[in-house]
Amino acid sequence: MPTDLAIQAKGLVKRFGSVVAVNGLDLGVEPGITYGLLGPNGSGKTTLVRLLLGVILPNEGSITVMGRRVPDRVLRSQMGYMPQSLALYEDLTVTENVSFYARLMDAYSPPRVEETIQLVDMASRARSAVSTLSGGMKRRVSLACALVHRPVMLFLDEPTVGVDPQLRAQFWDHFQRLNQQGVTIVVCTHVMDEAERCTRLGLLHQGRLLAEGTARELRARAGAETLEEAFLRFSSQ
Ligand SMILES: Nc1ncnc2c1ncn2[C@@H]1O[C@H](COP(=O)(O)OP(=O)(O)OP(=O)(O)O)[C@@H](O)[C@H]1O
Ligand SMILES: [Mg+2]
């Protein structure tokens, strides 16, 4: 079906044994926005992201990304993924890690790797083994790995856990610039001030979308002052 949506998912169900991680979920994400996924631990955020990426397959339902049915090889090279648990090679240097992901995506060039490392402000540690970096620095390297092939769709699973406020603001400024360049971002977060910066939000609860809208809409609908309060009210309904 033709659609202007960057992501369209219908009737998604994903089971792990007796656990229903995603439970009949419909989702539409417009291109060039940042869509935030909120929800308690175990509500299905990471599972949903992995389904959208085509890393795991749904038991039921369908997903279309940029007009292509997931999973799709072409699509994979256009998507960037920063997983919740960082997938970095501790023994390799920053440059080697970023180069590895660039090669994996068939997008390797030394200037591009260098530029991406600069973007996340890690140029001074480019030759350090990842094992010698701080937690926040590892996050930055992971972001570089997700960005190095210039994806048009970016999936970020709690990208700023353990990242200091200054760098967190820099990350988000960069996400905004990516949106302006037409990149669509899906981000999982528990941080409410980050949620405020998302174009739209989806509240996940037990594998279902409980509520959806802008932060302002969600606050208004819940009759809440803060997003956190709105979130708690929706979850207890
Ligand atoms: N590979 C797996 N095998 C078995 N169960 C899984 C697997 N992945 C996720 N689950 C289960 O699916 C449910 C949803 O997990 P998921 O990781 O998607 O939650 P989440 O919303 O990302 O949580 P968090 O905020 O803690 O990251 C949980 O009950 C989890 O135990
Ligand atoms: Mg998760």
# chains A, B, ... in the order shown; residues from 1 in each chain; ligands from 1
call {"tool": "residues_near_ligand", "arguments": {"ligand": "ligand 2", "cutoff": "9 Å", "atoms": "only C-alpha atoms and all ligand atoms", "output": "PyMOL selection string"}}
result
chain A and resi 41-47+49+83-85+157-158+188-189
call {"tool": "residues_near_ligand", "arguments": {"ligand": "ligand 1", "cutoff": "12 Å", "atoms": "only C-alpha atoms and all ligand atoms", "output": "PDB file with C-alpha atoms, in the first residue's frame"}}
result
ATOM      1  CA  VAL A  13       2.689  -9.227  17.669  1.00  0.00           C
ATOM      2  CA  LYS A  14       5.951 -10.613  19.027  1.00  0.00           C
ATOM      3  CA  ARG A  15       6.037 -13.467  21.487  1.00  0.00           C
ATOM      4  CA  PHE A  16       8.974 -14.936  23.348  1.00  0.00           C
ATOM      5  CA  GLY A  17       7.611 -18.229  24.644  1.00  0.00           C
ATOM      6  CA  SER A  18       4.720 -17.291  26.892  1.00  0.00           C
ATOM      7  CA  VAL A  19       5.768 -13.622  27.053  1.00  0.00           C
ATOM      8  CA  VAL A  20       3.933 -11.332  24.634  1.00  0.00           C
ATOM      9  CA  ALA A  21       6.450  -8.515  24.253  1.00  0.00           C
ATOM     10  CA  VAL A  22       4.526  -6.665  21.530  1.00  0.00           C
ATOM     11  CA  ASN A  23       0.801  -7.193  21.570  1.00  0.00           C
ATOM     12  CA  LEU A  37       9.080   5.570  22.637  1.00  0.00           C
ATOM     13  CA  LEU A  38       8.331   5.779  26.340  1.00  0.00           C
ATOM     14  CA  GLY A  39       7.236   3.035  28.654  1.00  0.00           C
ATOM     15  CA  PRO A  40       8.152   1.075  31.756  1.00  0.00           C
ATOM     16  CA  ASN A  41      10.863  -1.581  31.826  1.00  0.00           C
ATOM     17  CA  GLY A  42       9.701  -4.574  29.839  1.00  0.00           C
ATOM     18  CA  SER A  43       6.931  -2.707  27.991  1.00  0.00           C
ATOM     19  CA  GLY A  44       8.349  -3.740  24.607  1.00  0.00           C
ATOM     20  CA  LYS A  45      10.364  -0.714  23.415  1.00  0.00           C
ATOM     21  CA  THR A  46      13.539  -2.570  22.504  1.00  0.00           C
ATOM     22  CA  THR A  47      11.557  -5.421  20.968  1.00  0.00           C
ATOM     23  CA  LEU A  48       9.607  -2.946  18.828  1.00  0.00           C
ATOM     24  CA  VAL A  49      12.810  -1.275  17.629  1.00  0.00           C
ATOM     25  CA  ARG A  50      14.341  -4.639  16.744  1.00  0.00           C
ATOM     26  CA  LEU A  51      11.184  -5.562  14.820  1.00  0.00           C
ATOM     27  CA  VAL A  55      16.593  -7.916  13.251  1.00  0.00           C
ATOM     28  CA  ILE A  56      13.783 -10.103  14.613  1.00  0.00           C
ATOM     29  CA  LEU A  57      10.572 -11.105  12.850  1.00  0.00           C
ATOM     30  CA  PRO A  83      21.512  -0.693  20.708  1.00  0.00           C
ATOM     31  CA  GLN A  84      20.683  -0.455  24.393  1.00  0.00           C
ATOM     32  CA  SER A  85      23.620  -2.688  25.322  1.00  0.00           C
ATOM     33  CA  LEU A 156      18.452   4.900  19.208  1.00  0.00           C
ATOM     34  CA  ASP A 157      17.760   2.722  22.227  1.00  0.00           C
ATOM     35  CA  GLU A 158      18.330   4.850  25.327  1.00  0.00           C
ATOM     36  CA  PRO A 159      21.264   6.643  23.714  1.00  0.00           C
ATOM     37  CA  VAL A 161      22.196   6.618  29.594  1.00  0.00           C
ATOM     38  CA  VAL A 187      14.377   6.872  20.179  1.00  0.00           C
ATOM     39  CA  CYS A 188      13.602   4.924  23.344  1.00  0.00           C
ATOM     40  CA  THR A 189      14.013   6.931  26.505  1.00  0.00           C
ATOM     41  CA  HIS A 190      13.122   7.125  30.171  1.00  0.00           C
ATOM     42  CA  VAL A 191      14.354  10.719  30.393  1.00  0.00           C
ATOM     43  CA  GLY A 202       4.243   6.876  21.877  1.00  0.00           C
ATOM     44  CA  LEU A 203       3.542   5.503  25.342  1.00  0.00           C
ATOM     45  CA  LEU A 204       4.053   1.770  25.428  1.00  0.00           C
ATOM     46  CA  HIS A 205       2.480  -0.409  28.070  1.00  0.00           C
ATOM     47  CA  GLN A 206       2.523  -4.205  28.024  1.00  0.00           C
ATOM     48  CA  GLY A 207       3.338  -4.282  24.335  1.00  0.00           C
ATOM     49  CA  ARG A 208       0.586  -1.871  23.326  1.00  0.00           C
ATOM     50  CA  LEU A 209       0.541   1.792  22.390  1.00  0.00           C
TER      51      LEU A 209
END
call {"tool": "residues_around", "arguments": {"residues": "Ile185 in chain A", "least_positions_apart": "3", "cutoff": "7 Å", "atoms": "only C-alpha atoms", "output": "list in words"}}
result
Ile33, Thr34, Tyr35, Met153, Leu154 and Phe155 of chain A
call {"tool": "write_last_selection", "arguments": {"atoms": "N, CA and C atoms", "output": "mmCIF file, in the first residue's frame"}}
result
data_model
loop_
_atom_site.group_PDB
_atom_site.id
_atom_site.type_symbol
_atom_site.label_atom_id
_atom_site.label_comp_id
_atom_site.auth_asym_id
_atom_site.auth_seq_id
_atom_site.Cartn_x
_atom_site.Cartn_y
_atom_site.Cartn_z
ATOM 1 N N ILE A 33 11.052 13.225 11.409
ATOM 2 C CA ILE A 33 10.734 13.601 12.792
ATOM 3 C C ILE A 33 11.522 12.724 13.770
ATOM 4 N N THR A 34 11.482 13.113 15.035
ATOM 5 C CA THR A 34 11.993 12.243 16.091
ATOM 6 C C THR A 34 10.792 11.700 16.853
ATOM 7 N N TYR A 35 10.650 10.405 16.799
ATOM 8 C CA TYR A 35 9.528 9.737 17.467
ATOM 9 C C TYR A 35 10.068 9.061 18.728
ATOM 10 N N MET A 153 17.456 6.619 8.389
ATOM 11 C CA MET A 153 16.563 6.245 9.484
ATOM 12 C C MET A 153 17.449 5.787 10.640
ATOM 13 N N LEU A 154 17.195 6.365 11.807
ATOM 14 C CA LEU A 154 18.081 6.102 12.931
ATOM 15 C C LEU A 154 17.283 5.580 14.115
ATOM 16 N N PHE A 155 17.714 4.464 14.681
ATOM 17 C CA PHE A 155 17.046 3.874 15.844
ATOM 18 C C PHE A 155 18.001 3.949 17.029
#
call {"tool": "atom_distance", "arguments": {"atom1": "CA of Val74 in chain A", "atom2": "CA of Glu212 in chain A"}}
result
29.6 Å
call {"tool": "atom_distance", "arguments": {"atom1": "CA of Thr93 in chain A", "atom2": "CA of Arg139 in chain A"}}
result
14.1 Å
call {"tool": "closest_residue", "arguments": {"among": "A:Gly28, A:Gly223, A:Pro165, A:Pro151", "to": "Thr64 in chain A", "atoms": "only C-alpha atoms"}}
result
A:Gly28
call {"tool": "select_by_dssp", "arguments": {"residues": "range 11-229 of chain A", "states": "alpha helix (DSSP H)", "output": "count of residues only"}}
result
79
call {"tool": "residues_around", "arguments": {"residues": "Val130 in chain A", "least_positions_apart": "4", "cutoff": "12 Å", "atoms": "only C-alpha atoms", "output": "short mmCIF file (atom, residue, chain, number, x, y, z; two decimals) with N, CA and C atoms, in the first residue's frame"}}
result
data_model
loop_
_atom_site.label_atom_id
_atom_site.label_comp_id
_atom_site.auth_asym_id
_atom_site.auth_seq_id
_atom_site.Cartn_x
_atom_site.Cartn_y
_atom_site.Cartn_z
N LEU A 86 25.67 -1.77 24.45
CA LEU A 86 26.57 -1.34 23.39
C LEU A 86 27.28 -2.52 22.75
N ALA A 87 27.32 -2.50 21.42
CA ALA A 87 27.98 -3.58 20.67
C ALA A 87 29.30 -3.05 20.13
N LEU A 88 30.27 -2.90 21.05
CA LEU A 88 31.58 -2.40 20.64
C LEU A 88 32.63 -3.47 20.92
N TYR A 89 33.69 -3.46 20.13
CA TYR A 89 34.80 -4.37 20.36
C TYR A 89 35.78 -3.69 21.30
N GLU A 90 35.82 -4.19 22.52
CA GLU A 90 36.60 -3.54 23.58
C GLU A 90 38.10 -3.48 23.26
N ASP A 91 38.60 -4.51 22.56
CA ASP A 91 40.04 -4.58 22.28
C ASP A 91 40.45 -3.68 21.12
N LEU A 92 39.47 -3.26 20.33
CA LEU A 92 39.79 -2.43 19.17
C LEU A 92 39.75 -0.95 19.56
N THR A 93 40.44 -0.13 18.79
CA THR A 93 40.43 1.31 19.04
C THR A 93 39.11 1.90 18.56
N VAL A 94 38.92 3.17 18.90
CA VAL A 94 37.74 3.91 18.46
C VAL A 94 37.67 3.90 16.93
N THR A 95 38.77 4.27 16.29
CA THR A 95 38.81 4.30 14.82
C THR A 95 38.50 2.93 14.23
N GLU A 96 39.08 1.89 14.84
CA GLU A 96 38.85 0.53 14.31
C GLU A 96 37.38 0.11 14.44
N ASN A 97 36.78 0.47 15.57
CA ASN A 97 35.36 0.14 15.75
C ASN A 97 34.48 0.84 14.71
N VAL A 98 34.70 2.14 14.57
CA VAL A 98 33.86 2.91 13.63
C VAL A 98 34.12 2.42 12.20
N MET A 122 35.27 12.71 19.77
CA MET A 122 36.17 11.68 20.28
C MET A 122 37.51 11.66 19.54
N ARG A 125 40.67 10.79 21.34
CA ARG A 125 40.84 9.41 21.82
C ARG A 125 40.70 8.38 20.69
N ALA A 126 40.83 8.85 19.47
CA ALA A 126 40.58 7.98 18.31
C ALA A 126 41.45 6.71 18.34
N SER A 134 35.75 5.87 29.23
CA SER A 134 34.69 5.98 30.23
C SER A 134 33.36 5.55 29.61
N GLY A 135 32.36 5.34 30.47
CA GLY A 135 31.04 4.88 30.00
C GLY A 135 30.42 5.82 28.97
N GLY A 136 30.47 7.12 29.28
CA GLY A 136 29.89 8.12 28.37
C GLY A 136 30.63 8.16 27.04
N MET A 137 31.94 7.99 27.11
CA MET A 137 32.74 7.98 25.87
C MET A 137 32.35 6.79 24.99
N LYS A 138 32.08 5.66 25.63
CA LYS A 138 31.67 4.48 24.86
C LYS A 138 30.34 4.75 24.15
N ARG A 139 29.44 5.47 24.84
CA ARG A 139 28.16 5.85 24.21
C ARG A 139 28.41 6.66 22.94
N ARG A 140 29.36 7.61 23.06
CA ARG A 140 29.65 8.46 21.90
C ARG A 140 30.16 7.61 20.74
N VAL A 141 31.03 6.65 21.06
CA VAL A 141 31.58 5.80 19.99
C VAL A 141 30.46 4.97 19.36
N SER A 142 29.56 4.50 20.21
CA SER A 142 28.44 3.71 19.71
C SER A 142 27.57 4.55 18.77
#
call {"tool": "select_by_dssp", "arguments": {"residues": "chain A", "states": "strand (DSSP E)", "output": "PyMOL selection string"}}
result
chain A and resi 7-16+19-29+34-38+60-65+68-69+79-82+153-157+184-188+200-205+208-213
call {"tool": "write_last_selection", "arguments": {"atoms": "C-alpha atoms", "output": "compact mmCIF listing (two decimals), in the first residue's frame"}}
result
# COMPACT_ATOMS: atom_id res chain seq x y z
CA ILE A 7 7.39 3.74 9.14
CA GLN A 8 4.09 1.94 9.11
CA ALA A 9 3.44 -1.07 11.30
CA LYS A 10 0.17 -2.92 11.52
CA GLY A 11 -1.07 -5.51 13.97
CA LEU A 12 2.40 -6.33 15.26
CA VAL A 13 2.69 -9.23 17.67
CA LYS A 14 5.95 -10.61 19.03
CA ARG A 15 6.04 -13.47 21.49
CA PHE A 16 8.97 -14.94 23.35
CA VAL A 19 5.77 -13.62 27.05
CA VAL A 20 3.93 -11.33 24.63
CA ALA A 21 6.45 -8.51 24.25
CA VAL A 22 4.53 -6.67 21.53
CA ASN A 23 0.80 -7.19 21.57
CA GLY A 24 -1.14 -6.03 18.52
CA LEU A 25 0.58 -2.74 17.88
CA ASP A 26 -0.09 -0.22 15.09
CA LEU A 27 2.42 2.56 14.48
CA GLY A 28 2.86 5.34 11.94
CA VAL A 29 5.91 7.61 11.88
CA THR A 34 11.99 12.24 16.09
CA TYR A 35 9.53 9.74 17.47
CA GLY A 36 10.04 8.92 21.14
CA LEU A 37 9.08 5.57 22.64
CA LEU A 38 8.33 5.78 26.34
CA GLU A 60 1.90 -11.47 13.33
CA GLY A 61 1.54 -8.19 11.49
CA SER A 62 3.51 -6.29 8.90
CA ILE A 63 6.03 -3.45 8.77
CA THR A 64 6.76 -1.09 5.91
CA VAL A 65 9.72 1.27 6.11
CA ARG A 68 9.64 -1.37 1.57
CA ARG A 69 8.44 -4.38 3.43
CA MET A 79 19.21 2.33 8.84
CA GLY A 80 21.46 3.10 11.79
CA TYR A 81 21.07 1.37 15.14
CA MET A 82 22.44 2.27 18.52
CA MET A 153 16.56 6.25 9.48
CA LEU A 154 18.08 6.10 12.93
CA PHE A 155 17.05 3.87 15.84
CA LEU A 156 18.45 4.90 19.21
CA ASP A 157 17.76 2.72 22.23
CA THR A 184 13.82 9.98 10.71
CA ILE A 185 14.71 9.04 14.28
CA VAL A 186 13.06 6.59 16.64
CA VAL A 187 14.38 6.87 20.18
CA CYS A 188 13.60 4.92 23.34
CA ARG A 200 5.86 12.89 18.76
CA LEU A 201 5.68 10.35 21.53
CA GLY A 202 4.24 6.88 21.88
CA LEU A 203 3.54 5.50 25.34
CA LEU A 204 4.05 1.77 25.43
CA HIS A 205 2.48 -0.41 28.07
CA ARG A 208 0.59 -1.87 23.33
CA LEU A 209 0.54 1.79 22.39
CA LEU A 210 -1.39 3.31 25.25
CA ALA A 211 -1.34 6.89 24.00
CA GLU A 212 0.28 8.87 21.23
CA GLY A 213 0.81 12.52 20.38
call {"tool": "atom_distance", "arguments": {"atom1": "CA of Val148 in chain A", "atom2": "CA of Thr116 in chain A"}}
result
5.9 Å
call {"tool": "residues_around", "arguments": {"residues": "Val183 in chain A", "least_positions_apart": "5", "cutoff": "6 Å", "atoms": "only C-alpha atoms", "output": "number ranges by chain"}}
result
A: 32, 152-153, 178
call {"tool": "closest_residue", "arguments": {"among": "A:Leu147, A:Leu133, A:Leu5, A:Ile117", "to": "Gln78 in chain A", "atoms": "only C-alpha atoms"}}
result
A:Leu147
